[in-house]
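Shown next, in structure tokens, is the structure this report addresses.
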Amino acid sequence: MNIVHVVSSPVTAAAGVREAYMRLSKAQCATSGDIVSVVGLNHPDWPKEASKWVGGTPYLFDVIGPRSLGYAPNMLSGIEALNPDIVHLHGLWMHSGRSVLQWAKKTRKPYVVSVHGMLSDVALSYGRQKKRFVLQWFQKEVLERAAAIHVTSSAEADEVFKFGLNNPLIQIPNGVEQLYLSVNQTSTKDKVVLSLGRFHKKKGLSLLLKAWQPLEKEFPDWSLLLVGPDQDGEVNRLKGLSSELGLSKVRFHGQVWDKQKIDIMASASIFALPSLSENFAITVAESLMLGVPVVCSKGAPWQGLDEHKCGKWVDIGPEPMEHGLRELMCLSPEKLQDMGQRGREWMIQDYSWDSIALAMRSEYQSVLEKSVS
């Protein structure tokens with residue numbers, strides 16, 4: 001099978017979405033022997049980040065005009081030259097989707113769309129003017145013509161239906177790399193609550209700071225660490241809020257990669273995700289894989305935290321997050337380690353990229369069979 005993934009950008013600024021399509025395409029190369037390519041938008045950071053790419057063979061095309069729209073006039077011919085059997089489009093609201101639509105009309109071949117949480121109410125509330133324009137220009141037709149829409153959870157499936165779409169659905173979660181820990185990482189834990197990801201309003205970090213205010217007084221030997229790339233000046237807003245709340249045990253850190261990221265995540269005692277909306281949240285899976293229990297808001301589909309007894313799945317807001325964190329912060333290091341180990345076992349069992357790649361290939365095959373029937 002000749003598979004082409006069409007994405008916005010292969011650089012790390014694309015965060016969790018980039019991790020999803022890079023790891024999926026990597027696993028597809030390893031497990032099936034298929035031809036797997038990734039077509040995306042060129043980016044100024046690509047030359048220094050190319051060595052970090054481990055997915056399918058990348059083909060990048062230059063953007064003309066605003067990067068937020070992603071108009072790459074040569075992308076269509078690039079897809080055609082690769083002659084795929086099926087295209088897997090990742091994300092919405094970019095001109096890449098129109099290129100896929102044009103390819104499908106010319107070749108009468110099918111494509112699948114992964115919405116990556118971009119149809120949630122929270123996601124739709126940002127950049128409304130651009131999205132209204134793009135929806136009428138091509139996005140509505142891109143979605144309606146898709147042979148199938150890929151979602152990672154039942155909550156994301158509900159968002160697709162709420163948007164008015166009735167395409168066939170493929171429900172397969174994202175995966176997580178089987179990260180290996182050193183003896184030092186498993187035995188040495190700081191009394192740190194970590195939240196790692198891009199600084200954006202939808203991540204709910206202001207709620208986490210408010211939740212932290214009473215905890216900081218109650219647990220003076222603990223600290224809160226917020227790590228990630230800034231977006232639209234959110235770091236300064238959060239630092240201002242931290243000062244207003246009188247917090248002294250909160251630290252901010254820029255984006256981290258590779259070993260530094262793993263070391264920071266593995267050394268924390270608890271991972272916190274207060275997000276308003278996530279379709280998956282790869283950092284939750286990574287933390288569990290590293291043996292770190294998680295307190296996650298119901299803005300992300302991680303109800304299994306309660307079922308597998310490796311964290312807490314709490315309502316969105318400062319008080320529920322405060323209560324969830326307090327419950328874990330009161331535990332002994334040994335009990336936290338036990339919770340983390342249960343989380344790691346869960347990830348290895350249900351979220352390996354190899355099994356997800358095989359499941360996705362089966363869905364592609366079903367789509368292709370239906371397209372010729």
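To be explicit about the labels: the chains of the structure tokens are called A, B, and onward in the order shown, and within each one the residues are counted from 1, while ligands get numbers from 1 in the order they are shown.
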
| said: Write out as a ChimeraX atom specification the set of residues from stretch 101-168 of chain A that DSSP, computed on the backbone, places in strand (DSSP E or B). | reply: /A:111-114,148-151

| field | Spatial neighbours of stretch 84-98 of chain A, max dist 8 Å, only C-alpha atoms, sep filter under 5 positions, as JSON, numbers by chain | value | {"A": [1, 2, 3, 4, 5, 6, 7, 8, 21, 40, 68, 69, 70, 71, 72, 75, 79, 109, 110, 111, 112, 113, 114, 115, 116, 118, 131, 134, 135, 138, 139, 142, 364, 368]}

| message | Show me, as a VMD selection string, the residues that have an atom within 8 Å of A:Leu226 when counting only C-alpha atoms, minus same-chain residues fewer than 5 positions from it. | response | chain A and resid 194 to 196 250 to 253

Residues from last step as file, N, CA and C atoms, as an mmCIF file, in the first residue's frame:
```cif
data_model
loop_
_atom_site.group_PDB
_atom_site.id
_atom_site.type_symbol
_atom_site.label_atom_id
_atom_site.label_comp_id
_atom_site.auth_asym_id
_atom_site.auth_seq_id
_atom_site.Cartn_x
_atom_site.Cartn_y
_atom_site.Cartn_z
ATOM 1 N N LEU A 194 4.276 18.624 37.727
ATOM 2 C CA LEU A 194 4.698 19.106 36.412
ATOM 3 C C LEU A 194 3.507 19.236 35.482
ATOM 4 N N SER A 195 3.486 20.326 34.701
ATOM 5 C CA SER A 195 2.576 20.429 33.566
ATOM 6 C C SER A 195 3.415 20.845 32.368
ATOM 7 N N LEU A 196 3.372 20.027 31.307
ATOM 8 C CA LEU A 196 4.237 20.253 30.151
ATOM 9 C C LEU A 196 3.398 20.312 28.884
ATOM 10 N N VAL A 250 6.336 28.388 42.134
ATOM 11 C CA VAL A 250 5.987 28.112 40.743
ATOM 12 C C VAL A 250 7.164 28.501 39.862
ATOM 13 N N ARG A 251 7.582 27.585 38.993
ATOM 14 C CA ARG A 251 8.680 27.854 38.064
ATOM 15 C C ARG A 251 8.205 27.680 36.625
ATOM 16 N N PHE A 252 8.742 28.507 35.754
ATOM 17 C CA PHE A 252 8.437 28.437 34.331
ATOM 18 C C PHE A 252 9.694 28.040 33.571
ATOM 19 N N HIS A 253 9.520 27.212 32.550
ATOM 20 C CA HIS A 253 10.658 26.745 31.756
ATOM 21 C C HIS A 253 10.223 26.675 30.299
#
```

| field | From A:Lys259, A:Arg145, A:Arg23, A:Lys202, residue lying nearest A:Gly175 [only C-alpha atoms] | value | A:Arg23

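In this structure, atom CA of A:Lys26 sits 5.6 Å away from atom CA of A:Gly56.
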
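Minimum atom-to-atom distance to A:Ser25, evaluated using only C-alpha atoms, belongs to A:Val38 out of A:Leu336, A:Cys330, A:Val38, A:Ile262.
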
Write out, as a Markdown table, each residue of stretch 53-130 of chain A that has an atom at most 8 Å from stretch 152-157 of chain A, together with the closest pair of atoms and their distance in Å to one decimal, counting only C-alpha atoms, rows going by chain and rising number.
```
| residue | atom | partner | partner_atom | distance |
| --- | --- | --- | --- | --- |
| A:His116 | CA | A:Thr152 | CA | 7.9 |
| A:Gly117 | CA | A:Glu156 | CA | 6.6 |
| A:Leu119 | CA | A:Glu156 | CA | 8.0 |
| A:Ser120 | CA | A:Glu156 | CA | 7.5 |
```

| request: Quick one: pull the distance between atom CA of A:Val193 and atom CA of A:Asn279, Å, one decimal. | output: 22.5 Å

| At what distance in Å, to one decimal, does atom CA of A:Ser362 lie from atom CA of A:Asn166? | 20.9 Å

| said: Taking the DSSP secondary structure from the backbone, can you list the residues of stretch 134-368 of chain A that are alpha helix (DSSP H), as a ChimeraX atom specification? | reply: /A:134,140-145,154-162,183-187,205-218,234-244,258-267,282-289,304-307,318-329,333-350,353-368

I need the chosen residues saved as a short mmCIF file (atom, residue, chain, number, x, y, z; two decimals), in the first residue's frame, with C-alpha atoms.
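Written out: part_4.cif:
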```
data_model
loop_
_atom_site.label_atom_id
_atom_site.label_comp_id
_atom_site.auth_asym_id
_atom_site.auth_seq_id
_atom_site.Cartn_x
_atom_site.Cartn_y
_atom_site.Cartn_z
CA VAL A 134 -12.01 28.60 5.30
CA LYS A 140 -16.82 21.97 4.61
CA GLU A 141 -16.36 20.01 1.37
CA VAL A 142 -13.08 18.48 2.58
CA LEU A 143 -14.84 17.05 5.62
CA GLU A 144 -18.03 15.96 3.89
CA ARG A 145 -16.17 14.20 1.05
CA SER A 154 -15.87 8.76 21.95
CA ALA A 155 -15.81 12.37 23.13
CA GLU A 156 -14.16 13.43 19.87
CA ALA A 157 -16.71 11.37 17.94
CA ASP A 158 -19.45 13.39 19.66
CA GLU A 159 -17.75 16.59 18.50
CA VAL A 160 -17.79 15.34 14.90
CA PHE A 161 -21.51 14.54 15.08
CA LYS A 162 -22.24 17.88 16.76
CA VAL A 183 17.57 3.22 37.51
CA ASN A 184 18.08 6.85 38.54
CA GLN A 185 14.81 7.90 36.89
CA THR A 186 12.79 5.22 38.66
CA SER A 187 14.31 5.79 42.10
CA LEU A 205 -2.92 26.73 33.17
CA SER A 206 -4.56 29.70 34.88
CA LEU A 207 -6.91 27.19 36.54
CA LEU A 208 -3.90 25.16 37.67
CA LEU A 209 -2.29 28.23 39.26
CA LYS A 210 -5.51 28.97 41.16
CA ALA A 211 -5.66 25.34 42.28
CA TRP A 212 -2.05 25.56 43.41
CA GLN A 213 -2.58 28.56 45.71
CA PRO A 214 -3.94 26.61 48.73
CA LEU A 215 -1.72 23.61 48.00
CA GLU A 216 1.46 25.70 48.12
CA LYS A 217 0.66 26.68 51.71
CA GLU A 218 -0.35 23.16 52.70
CA GLU A 234 0.58 33.49 27.51
CA VAL A 235 3.67 33.02 29.70
CA ASN A 236 3.68 36.68 30.76
CA ARG A 237 -0.04 36.52 31.55
CA LEU A 238 0.50 33.45 33.69
CA LYS A 239 3.48 34.99 35.46
CA GLY A 240 1.32 38.02 36.23
CA LEU A 241 -1.41 35.80 37.65
CA SER A 242 1.14 33.90 39.72
CA SER A 243 2.28 37.19 41.26
CA GLU A 244 -1.32 38.27 41.92
CA ASP A 258 14.45 14.56 23.60
CA LYS A 259 16.47 13.47 26.67
CA GLN A 260 15.91 16.73 28.54
CA LYS A 261 12.15 16.36 28.13
CA ILE A 262 12.21 12.72 29.28
CA ASP A 263 14.39 13.58 32.29
CA ILE A 264 12.11 16.42 33.39
CA MET A 265 8.97 14.30 32.99
CA ALA A 266 10.45 11.24 34.69
CA SER A 267 11.75 13.20 37.70
CA ILE A 282 0.09 12.81 24.40
CA THR A 283 1.82 14.18 27.51
CA VAL A 284 -0.56 12.19 29.71
CA ALA A 285 0.38 8.99 27.90
CA GLU A 286 4.09 9.85 28.04
CA SER A 287 3.93 10.58 31.77
CA LEU A 288 2.19 7.28 32.46
CA MET A 289 4.74 5.46 30.29
CA GLY A 304 -9.07 5.30 32.43
CA LEU A 305 -6.93 7.04 35.05
CA ASP A 306 -9.55 6.13 37.65
CA GLU A 307 -10.23 2.67 36.23
CA PRO A 318 -9.53 25.06 40.08
CA GLU A 319 -11.32 23.25 42.91
CA PRO A 320 -11.54 19.80 41.29
CA MET A 321 -7.89 20.07 40.22
CA GLU A 322 -6.93 21.14 43.75
CA HIS A 323 -8.75 18.17 45.29
CA GLY A 324 -7.22 15.71 42.82
CA LEU A 325 -3.70 16.98 43.38
CA ARG A 326 -4.12 17.02 47.16
CA GLU A 327 -5.22 13.38 47.15
CA LEU A 328 -2.02 12.33 45.37
CA MET A 329 0.29 14.75 47.20
CA PRO A 333 6.46 8.06 47.57
CA GLU A 334 5.96 4.29 47.51
CA LYS A 335 2.23 4.57 46.80
CA LEU A 336 2.85 7.16 44.09
CA GLN A 337 5.38 4.80 42.54
CA ASP A 338 2.82 1.98 42.60
CA MET A 339 0.30 4.22 40.82
CA GLY A 340 2.90 5.13 38.22
CA GLN A 341 3.78 1.50 37.62
CA ARG A 342 0.12 0.64 37.00
CA GLY A 343 -0.02 3.49 34.49
CA ARG A 344 3.09 2.26 32.67
CA GLU A 345 1.68 -1.27 32.41
CA TRP A 346 -1.55 0.14 30.98
CA MET A 347 0.29 2.16 28.32
CA ILE A 348 2.42 -0.81 27.23
CA GLN A 349 -0.65 -3.02 26.95
CA ASP A 350 -3.07 -0.71 25.11
CA TRP A 353 2.27 2.46 18.16
CA ASP A 354 2.83 -0.86 16.41
CA SER A 355 -0.65 -2.15 17.27
CA ILE A 356 -2.20 1.21 16.40
CA ALA A 357 -0.42 1.27 13.03
CA LEU A 358 -1.76 -2.18 12.18
CA ALA A 359 -5.28 -1.18 13.24
CA MET A 360 -5.10 1.94 11.08
CA ARG A 361 -3.85 -0.06 8.10
CA SER A 362 -6.84 -2.37 8.45
CA GLU A 363 -9.13 0.67 8.33
CA TYR A 364 -7.33 2.00 5.24
CA GLN A 365 -7.87 -1.37 3.55
CA SER A 366 -11.57 -1.24 4.38
CA VAL A 367 -11.81 2.29 2.93
CA LEU A 368 -10.04 1.21 -0.27
#
```

| said: Given only C-alpha atoms as the basis, pick out the residue of A:Ala300, A:Val192, A:Val294, A:Val17 nearest to A:Ala268. | reply: A:Val192

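Distance check against A:Lys298 using only C-alpha atoms: of A:Ser9, A:Ser277, A:Ser32, A:Ser352, the minimum falls on A:Ser277.
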